[in-house]
Amino acid sequence: MRFAVSLLTILAISSIIGTVLKQNEPYANYKIEFGEFWFQVFHPLGLFDVYHSAWFLLILSFLVLSTSLCIWRQMPGIWKDIRGYRENASNNSLRLMSHNIELNSELPTEDVIDTLANRGYRSRIREENGQVLIAAKKGSFQRLGYVFAHSAIVVICIGGLLDGNVPLKLTELFGFKTPETRDLPQSKVPLQSRLPEDNLSFRGNVTLPEGSVGDVIFLNAGQGYFVQDLPFAVRLNKFYIEHYSTGQPKLFASDIDLLDKKTGTVLKRAKVEVNKPLIYKGVAVYQASFGDGGSLLKMQRWNLNNHSAQAFEVRSQSSQSMQINGQAFQLEMGDFRPFNIENMGKVANNAMAVSKFAQAMASAQAVQSEHNLKNIGPSIQFKLRDKNGQATEYLNYFAPFFEKGAGYAVTGMRTEVAAPFQFIRIPLDKDLEPNTFMRLRASLLDKSLYPEIARRTAAKAFQSGGITKEGEAQFKDVTIGVLTRFSEGGFPAIESFLDQKVPKEQRQTVAQTYIKILQGTVIDAMDVAQGKAGLPVLPIDETQYRFLMDSLVAVSSLYEYGPPVWLQASSFDEVKASGFQITRAPGQNIVYLGSLFLVIGIFCMFYIRENRVWVRLSAGKTLIAMSSNRKNSDLDREFTELTTDLAAKGKTP
């Protein structure tokens with residue numbers, strides 16, 4: 001019994017782990033989440049697929065065998081005890097019971113039987129040597145609690161074994177089936193890694209774009225996978241989704257058809273919602289998720305290496321790859337997301353770190369709220385991989401982000417999968433386009449324009465009385481130097497220059513001077529850029545000044561942006577996809593039956609009390625005895641009331 005309880009405790013703990021820890025994911029996901037060390041600890045224990053692990057199924061099998069033998073051994077005695085009345089009890093054994101009394105009166109047999117019957121007792125009479133023994137009982141089915149409780153363990157374990165797909169485990173053990181580890185189209189997966197339609201149990205996922213059909217699911221199996229052939233094909237006709245005002249999904253559902261794989265005829269048509277699956281011949285189709293089904297995307301490619309403010313259109317599709325920038329990089333598109341609920345306070349706090357020197361310039365981009373949840377619209381996540389295989393991951397938003405009347409294009413990057421995205425906010429002009437910013441950037445990085453920019457800045461400084469005529473030439477040289485340092489790496493390059501060339505006690509003063517020069521220079525750089533493009537000069541007001549200050553921060557941040565390419569997300573044609581979990585779980589109803597057995601067993605054991613009464617009638621004497629499986633105050637009260645009723649029916653000889 002102690003060993004069985006220990007095994008049940010292990011199963012209970014394992015079930016908790018299997019509920020808390022997401023099961024049957026690709027091993028790469030667990031390595032990312034837990035790290036290599038803990039992965040090596042958890043993997044041998046089978047915690048990533050508890051319900052199908054060998055030790056879990058072995059414990060279930062042992063409990064089925066041992067508990068079944070226990071029921072088989074105890075059942076004859078239990079059945080005998082349920083049917084028996086123990087009418088062979090002797091006077092001595094009755095007098096040794098804790099509840100007994102002897103009356104000096106003679107009770108009519110019929111009255112005793114009627115009294116016992118009124119109290120729910122069934123009785124049997126035995127006459128011997130002139131004495132009459134009436135043996136009665138009620139609540140005999142309390143003994144069935146043992147049978148139901150132990151049977152529940154057997155039935156639940158059998159259900160677990162069925163859903164654990166023991167036959168598949170055995171075929172893997174003997175090498176008849178092996179998981180496929182290569183990335184192959186499902187049609188190319190060999191027979192050894194495919195499971196037939198009549199597979200006993202399976203649980204897998206499939207994602208279908210609108211209008212597409214699927215007739216297989218993929219089952220994760222450690223380092224690889226199995227392809228499970230379905231007994232029908234699933235066609236997604238239409239996917240629906242509703243949102244709350246915050247943008248969070250409120251309801252999503254799918255209109256699907258189940259098709260005959262040979263003829264293509266519709267077997268069943270239904271609308272599948274969350275917790276409202278379609279069940280057909282023992283196979284359940286659940287609405288599990290939703291996502292992108294290969295949306296068509298348009299992006300503007302800005303080359304950050306040259307000084308032209310011209311973009312080229314890139315047409316792509318989510319989840320596909322292509323070469324860009326003269327085959328220098330491979331663009332690997334991820335999933336398109338039509339909406340994003342983001343804490344914009346966190347987005348601001350994850351802004352690209354440019355340098356301590358730039359913090360004064362970045363103040364215009366600060367978001368004060370730490371709980372600024374907003375739906376900031378569609379996004380696309382993608383990677384740019386160079387010829388050496390090194391990848392930088394990006395997250396770009398289609399819709400501009402607005403703050404205090406100013407619009408920004410938000411783009412994030414990271415070089416490690418587990419790292420958070422670092423965001424850059426590129427200021428947009430009044431037409432919500434980055435063209436003005438890109439013209440300004442080109443002007444700031446084109447050294448051939450520095451003399452003209454410096455001349456204009458020096459002339460304004462002289463007119464305002466900030467410098468003398470003699471110091472104008474020197475001021476031009478300093479301005480050109482500041483622009484040159486800035487063009488070599490943004491604010492970090494200037495900060496590094498100051499650390500190397502300027503004494504520590506003078507750095508703060510020189511840094512403030514450089515900031516003022518940049519603040520003045522960027523205005524002239526914008527004028528030069530506008531003139532070069534044949535456009536009118538932009539008037540300087542509060543909005544335009546903020547645009548210029550934000551532009552300096554963005555230009556500096558782009559030096560830490562990875563590959564010299566900015567892919568501006570411009571437009572999309574969304575294709576929705578629905579994720580289904582398709583299962584065959586023959587053990588499910590068996591587990592439900594076992595749970596019902598367990599409830600019945602517990603009810604019988606805890607809420608039914610078995611009482612037995614013996615009344616021995618002899619000349620002038622009546623011996624009454626009572627026993628119960630639970631001795632408590634209820635037994636005392638029952639015995640007192642029964643003996644009182646019987647004594648009232650007695651008659652003195």
# chains A, B, ... in the order shown; residues from 1 in each chain; ligands from 1
>>> residues_around(residues="A:Leu623", least_positions_apart="3", cutoff="12 Å", atoms="only C-alpha atoms", output="number ranges by chain")
A: 89-97, 99-107, 112, 131-135, 613-620, 626, 643, 646-647
>>> write_last_selection(atoms="C-alpha atoms", output="short mmCIF file (atom, residue, chain, number, x, y, z; two decimals), in the first residue's frame")
data_model
loop_
_atom_site.label_atom_id
_atom_site.label_comp_id
_atom_site.auth_asym_id
_atom_site.auth_seq_id
_atom_site.Cartn_x
_atom_site.Cartn_y
_atom_site.Cartn_z
CA ALA A 89 -22.59 -15.31 15.62
CA SER A 90 -22.32 -16.89 19.08
CA ASN A 91 -23.53 -15.47 22.39
CA ASN A 92 -19.97 -14.86 23.55
CA SER A 93 -19.02 -12.93 20.40
CA LEU A 94 -22.15 -10.79 20.70
CA ARG A 95 -21.44 -10.01 24.36
CA LEU A 96 -17.87 -8.97 23.46
CA MET A 97 -19.12 -6.27 21.11
CA HIS A 99 -22.55 -2.10 21.85
CA ASN A 100 -24.68 -4.82 23.44
CA ILE A 101 -27.53 -5.05 25.92
CA GLU A 102 -29.54 -7.90 27.42
CA LEU A 103 -33.22 -7.36 28.14
CA ASN A 104 -35.22 -9.37 30.65
CA SER A 105 -38.18 -9.57 28.38
CA GLU A 106 -39.41 -11.64 25.49
CA LEU A 107 -39.75 -9.90 22.08
CA VAL A 112 -38.33 -7.26 15.92
CA GLN A 131 -33.39 -19.96 20.23
CA VAL A 132 -34.03 -17.48 17.44
CA LEU A 133 -31.20 -15.30 16.01
CA ILE A 134 -32.21 -12.38 13.86
CA ALA A 135 -29.22 -11.00 11.90
CA VAL A 613 -27.56 -5.83 14.31
CA TRP A 614 -28.05 -9.18 16.03
CA VAL A 615 -31.09 -9.96 18.17
CA ARG A 616 -31.01 -13.33 19.96
CA LEU A 617 -34.40 -14.37 21.38
CA SER A 618 -34.62 -16.99 24.09
CA ALA A 619 -37.07 -17.79 26.87
CA GLY A 620 -37.53 -14.53 28.80
CA MET A 626 -24.68 -3.84 17.14
CA THR A 643 -32.91 -0.74 21.88
CA LEU A 646 -37.36 -2.90 20.88
CA ALA A 647 -37.74 -2.66 24.66
#
>>> residues_around(residues="A:Phe290", least_positions_apart="4", cutoff="7 Å", atoms="only C-alpha atoms", output="list in words")
Ala577, Ser578 and Gly579 of chain A
>>> residues_around(residues="stretch 382-386 of chain A", least_positions_apart="3", cutoff="7 Å", atoms="only C-alpha atoms", output="list in words")
Ala328, Phe329, Gln330, Leu331, Glu332, Met333, Gly334, Gly389, Gln390, Ala391, Thr392, Glu393, Tyr394 and Leu395 of chain A
>>> select_by_dssp(residues="stretch 492-647 of chain A", states="alpha helix (DSSP H)", output="PyMOL selection string")
chain A and resi 492-501+504-532+542-557+587-607+633-647
>>> closest_residue(among="A:Gly264, A:Leu258, A:Gln142, A:Arg126", to="A:Tyr607", atoms="only C-alpha atoms")
A:Gln142
>>> closest_residue(among="A:Thr644, A:Gln474, A:Arg441, A:Ala585", to="A:Ser556", atoms="only C-alpha atoms")
A:Arg441
>>> residues_around(residues="A:Gln581", least_positions_apart="3", cutoff="9 Å", atoms="only C-alpha atoms", output="CSV table (one decimal) with N, CA and C atoms, in the first residue's frame")
chain,number,residue,atom,x,y,z
A,203,ARG,N,-1.9,13.8,-31.1
A,203,ARG,CA,-2.3,15.2,-30.8
A,203,ARG,C,-1.2,16.1,-31.5
A,204,GLY,N,-1.7,16.9,-32.5
A,204,GLY,CA,-0.8,17.7,-33.2
A,204,GLY,C,-1.4,19.0,-33.7
A,205,ASN,N,-0.6,19.8,-34.3
A,205,ASN,CA,-1.1,21.1,-34.8
A,205,ASN,C,-0.9,21.3,-36.3
A,206,VAL,N,-1.8,22.1,-36.9
A,206,VAL,CA,-1.6,22.5,-38.2
A,206,VAL,C,-2.1,23.9,-38.4
A,207,THR,N,-1.5,24.7,-39.2
A,207,THR,CA,-1.9,26.1,-39.5
A,207,THR,C,-2.2,26.2,-41.0
A,217,ILE,N,-0.8,16.3,-39.9
A,217,ILE,CA,-0.4,17.1,-38.8
A,217,ILE,C,1.0,16.7,-38.5
A,284,ALA,N,-11.1,15.0,-32.9
A,284,ALA,CA,-11.6,16.4,-32.6
A,284,ALA,C,-10.7,17.4,-33.2
A,285,VAL,N,-11.3,18.5,-33.8
A,285,VAL,CA,-10.6,19.6,-34.4
A,285,VAL,C,-10.9,20.8,-33.5
A,286,TYR,N,-9.8,21.3,-32.8
A,286,TYR,CA,-10.0,22.4,-31.9
A,286,TYR,C,-9.4,23.7,-32.6
A,287,GLN,N,-10.0,24.8,-32.2
A,287,GLN,CA,-9.5,26.1,-32.6
A,287,GLN,C,-8.4,26.5,-31.6
A,288,ALA,N,-7.2,26.5,-32.0
A,288,ALA,CA,-6.1,26.7,-31.1
A,288,ALA,C,-5.4,28.0,-31.2
A,289,SER,N,-5.3,28.6,-32.4
A,289,SER,CA,-4.5,29.8,-32.5
A,289,SER,C,-4.9,30.5,-33.8
>>> closest_residue(among="A:Gly139, A:Gly407, A:Pro196, A:Gly84", to="A:Phe547", atoms="only C-alpha atoms")
A:Gly407
>>> residues_around(residues="A:Cys157", least_positions_apart="2", cutoff="10 Å", atoms="only C-alpha atoms", output="list in words")
Leu57, Ile59, Leu60, Ser61, Phe62, Leu63, Val64, Ser151, Ala152, Ile153, Val154, Val155, Gly159, Gly160, Leu161, Leu162, Asp163, Gly587, Ile590, Val591 and Gly594 of chain A
>>> closest_residue(among="A:Ile256, A:Ala554, A:Val227, A:Val266", to="A:Phe202", atoms="only C-alpha atoms")
A:Val227
>>> atom_distance(atom1="atom CA of A:Leu21", atom2="atom CA of A:Ala418")
18.8 Å
>>> residues_around(residues="A:Phe312", least_positions_apart="4", cutoff="12 Å", atoms="only C-alpha atoms", output="short mmCIF file (atom, residue, chain, number, x, y, z; two decimals) with all heavy atoms, in the first residue's frame")
data_model
loop_
_atom_site.label_atom_id
_atom_site.label_comp_id
_atom_site.auth_asym_id
_atom_site.auth_seq_id
_atom_site.Cartn_x
_atom_site.Cartn_y
_atom_site.Cartn_z
N LYS A 298 4.89 45.15 -49.03
CA LYS A 298 5.68 46.12 -49.77
C LYS A 298 6.54 46.89 -48.76
O LYS A 298 6.03 47.38 -47.75
CB LYS A 298 4.79 47.09 -50.54
CG LYS A 298 4.09 46.50 -51.75
CD LYS A 298 3.30 47.57 -52.49
CE LYS A 298 2.55 46.97 -53.68
NZ LYS A 298 1.77 48.01 -54.41
N MET A 299 7.85 46.99 -49.07
CA MET A 299 8.77 47.69 -48.19
C MET A 299 9.66 48.59 -49.02
O MET A 299 9.96 48.29 -50.19
CB MET A 299 9.61 46.69 -47.39
CG MET A 299 8.78 45.62 -46.68
SD MET A 299 9.76 44.43 -45.77
CE MET A 299 10.10 45.37 -44.30
N GLN A 300 10.07 49.70 -48.41
CA GLN A 300 11.00 50.63 -49.06
C GLN A 300 12.40 50.36 -48.52
O GLN A 300 12.62 50.40 -47.32
CB GLN A 300 10.59 52.08 -48.79
CG GLN A 300 9.21 52.46 -49.29
CD GLN A 300 9.08 52.33 -50.79
OE1 GLN A 300 9.96 52.73 -51.54
NE2 GLN A 300 7.97 51.74 -51.23
N ARG A 301 13.33 50.07 -49.45
CA ARG A 301 14.70 49.75 -49.03
C ARG A 301 15.55 51.02 -49.12
O ARG A 301 15.77 51.57 -50.20
CB ARG A 301 15.28 48.66 -49.92
CG ARG A 301 16.75 48.35 -49.65
CD ARG A 301 17.20 47.13 -50.41
NE ARG A 301 17.08 47.31 -51.85
CZ ARG A 301 18.02 47.86 -52.62
NH1 ARG A 301 19.15 48.31 -52.09
NH2 ARG A 301 17.84 47.97 -53.94
N TRP A 302 16.04 51.47 -47.96
CA TRP A 302 16.93 52.63 -47.87
C TRP A 302 18.34 52.13 -47.62
O TRP A 302 18.60 51.44 -46.64
CB TRP A 302 16.51 53.56 -46.73
CG TRP A 302 15.14 54.15 -46.89
CD1 TRP A 302 13.97 53.61 -46.44
CD2 TRP A 302 14.81 55.38 -47.52
NE1 TRP A 302 12.92 54.42 -46.75
CE2 TRP A 302 13.40 55.54 -47.42
CE3 TRP A 302 15.54 56.38 -48.16
CZ2 TRP A 302 12.73 56.64 -47.93
CZ3 TRP A 302 14.87 57.48 -48.67
CH2 TRP A 302 13.49 57.60 -48.56
N ASN A 303 19.25 52.49 -48.52
CA ASN A 303 20.66 52.10 -48.37
C ASN A 303 21.35 53.11 -47.46
O ASN A 303 21.49 54.29 -47.81
CB ASN A 303 21.34 52.05 -49.74
CG ASN A 303 22.70 51.38 -49.67
OD1 ASN A 303 23.31 51.31 -48.60
ND2 ASN A 303 23.18 50.90 -50.80
N SER A 308 22.51 59.18 -50.83
CA SER A 308 21.31 59.52 -51.59
C SER A 308 20.08 59.29 -50.73
O SER A 308 20.06 58.40 -49.88
CB SER A 308 21.22 58.67 -52.86
OG SER A 308 20.99 57.31 -52.53
N ILE A 324 18.81 40.67 -51.23
CA ILE A 324 18.71 42.12 -51.44
C ILE A 324 20.09 42.73 -51.39
O ILE A 324 21.07 42.07 -51.03
CB ILE A 324 17.80 42.79 -50.39
CG1 ILE A 324 18.39 42.65 -48.99
CG2 ILE A 324 16.39 42.24 -50.42
CD1 ILE A 324 17.69 43.52 -47.97
N ASN A 325 20.16 44.03 -51.71
CA ASN A 325 21.41 44.79 -51.70
C ASN A 325 22.48 44.12 -52.54
O ASN A 325 23.59 43.84 -52.08
CB ASN A 325 21.91 45.00 -50.26
CG ASN A 325 21.61 46.41 -49.78
OD1 ASN A 325 20.58 46.98 -50.14
ND2 ASN A 325 22.49 46.96 -48.97
N VAL A 565 21.10 48.76 -44.01
CA VAL A 565 19.85 48.75 -44.76
C VAL A 565 18.70 49.00 -43.80
O VAL A 565 18.62 48.39 -42.74
CB VAL A 565 19.64 47.38 -45.47
CG1 VAL A 565 18.32 47.40 -46.25
CG2 VAL A 565 20.78 47.07 -46.40
N TRP A 566 17.84 49.93 -44.16
CA TRP A 566 16.59 50.10 -43.41
C TRP A 566 15.45 49.77 -44.35
O TRP A 566 15.27 50.39 -45.39
CB TRP A 566 16.44 51.53 -42.90
CG TRP A 566 15.09 51.76 -42.26
CD1 TRP A 566 14.41 50.90 -41.45
CD2 TRP A 566 14.26 52.93 -42.39
NE1 TRP A 566 13.21 51.43 -41.06
CE2 TRP A 566 13.08 52.68 -41.62
CE3 TRP A 566 14.38 54.12 -43.07
CZ2 TRP A 566 12.06 53.62 -41.54
CZ3 TRP A 566 13.35 55.06 -42.97
CH2 TRP A 566 12.21 54.81 -42.21
N LEU A 567 14.68 48.73 -43.98
CA LEU A 567 13.52 48.32 -44.76
C LEU A 567 12.28 48.91 -44.11
O LEU A 567 11.81 48.45 -43.07
CB LEU A 567 13.42 46.79 -44.81
CG LEU A 567 14.53 46.09 -45.60
CD1 LEU A 567 14.43 44.58 -45.47
CD2 LEU A 567 14.47 46.49 -47.07
N GLN A 568 11.80 49.98 -44.71
CA GLN A 568 10.62 50.67 -44.18
C GLN A 568 9.37 49.93 -44.61
O GLN A 568 9.10 49.77 -45.80
CB GLN A 568 10.59 52.11 -44.69
CG GLN A 568 9.35 52.87 -44.24
CD GLN A 568 9.11 54.11 -45.07
OE1 GLN A 568 9.90 54.42 -45.96
NE2 GLN A 568 8.02 54.81 -44.79
N SER A 570 5.83 49.58 -45.65
CA SER A 570 4.96 50.58 -46.25
C SER A 570 3.52 50.12 -46.42
O SER A 570 2.59 50.83 -46.06
CB SER A 570 5.53 51.04 -47.60
OG SER A 570 5.73 49.93 -48.46
#
>>> closest_residue(among="A:Ile125, A:Met549, A:Asp573, A:Glu560", to="A:Ala493", atoms="only C-alpha atoms")
A:Glu560
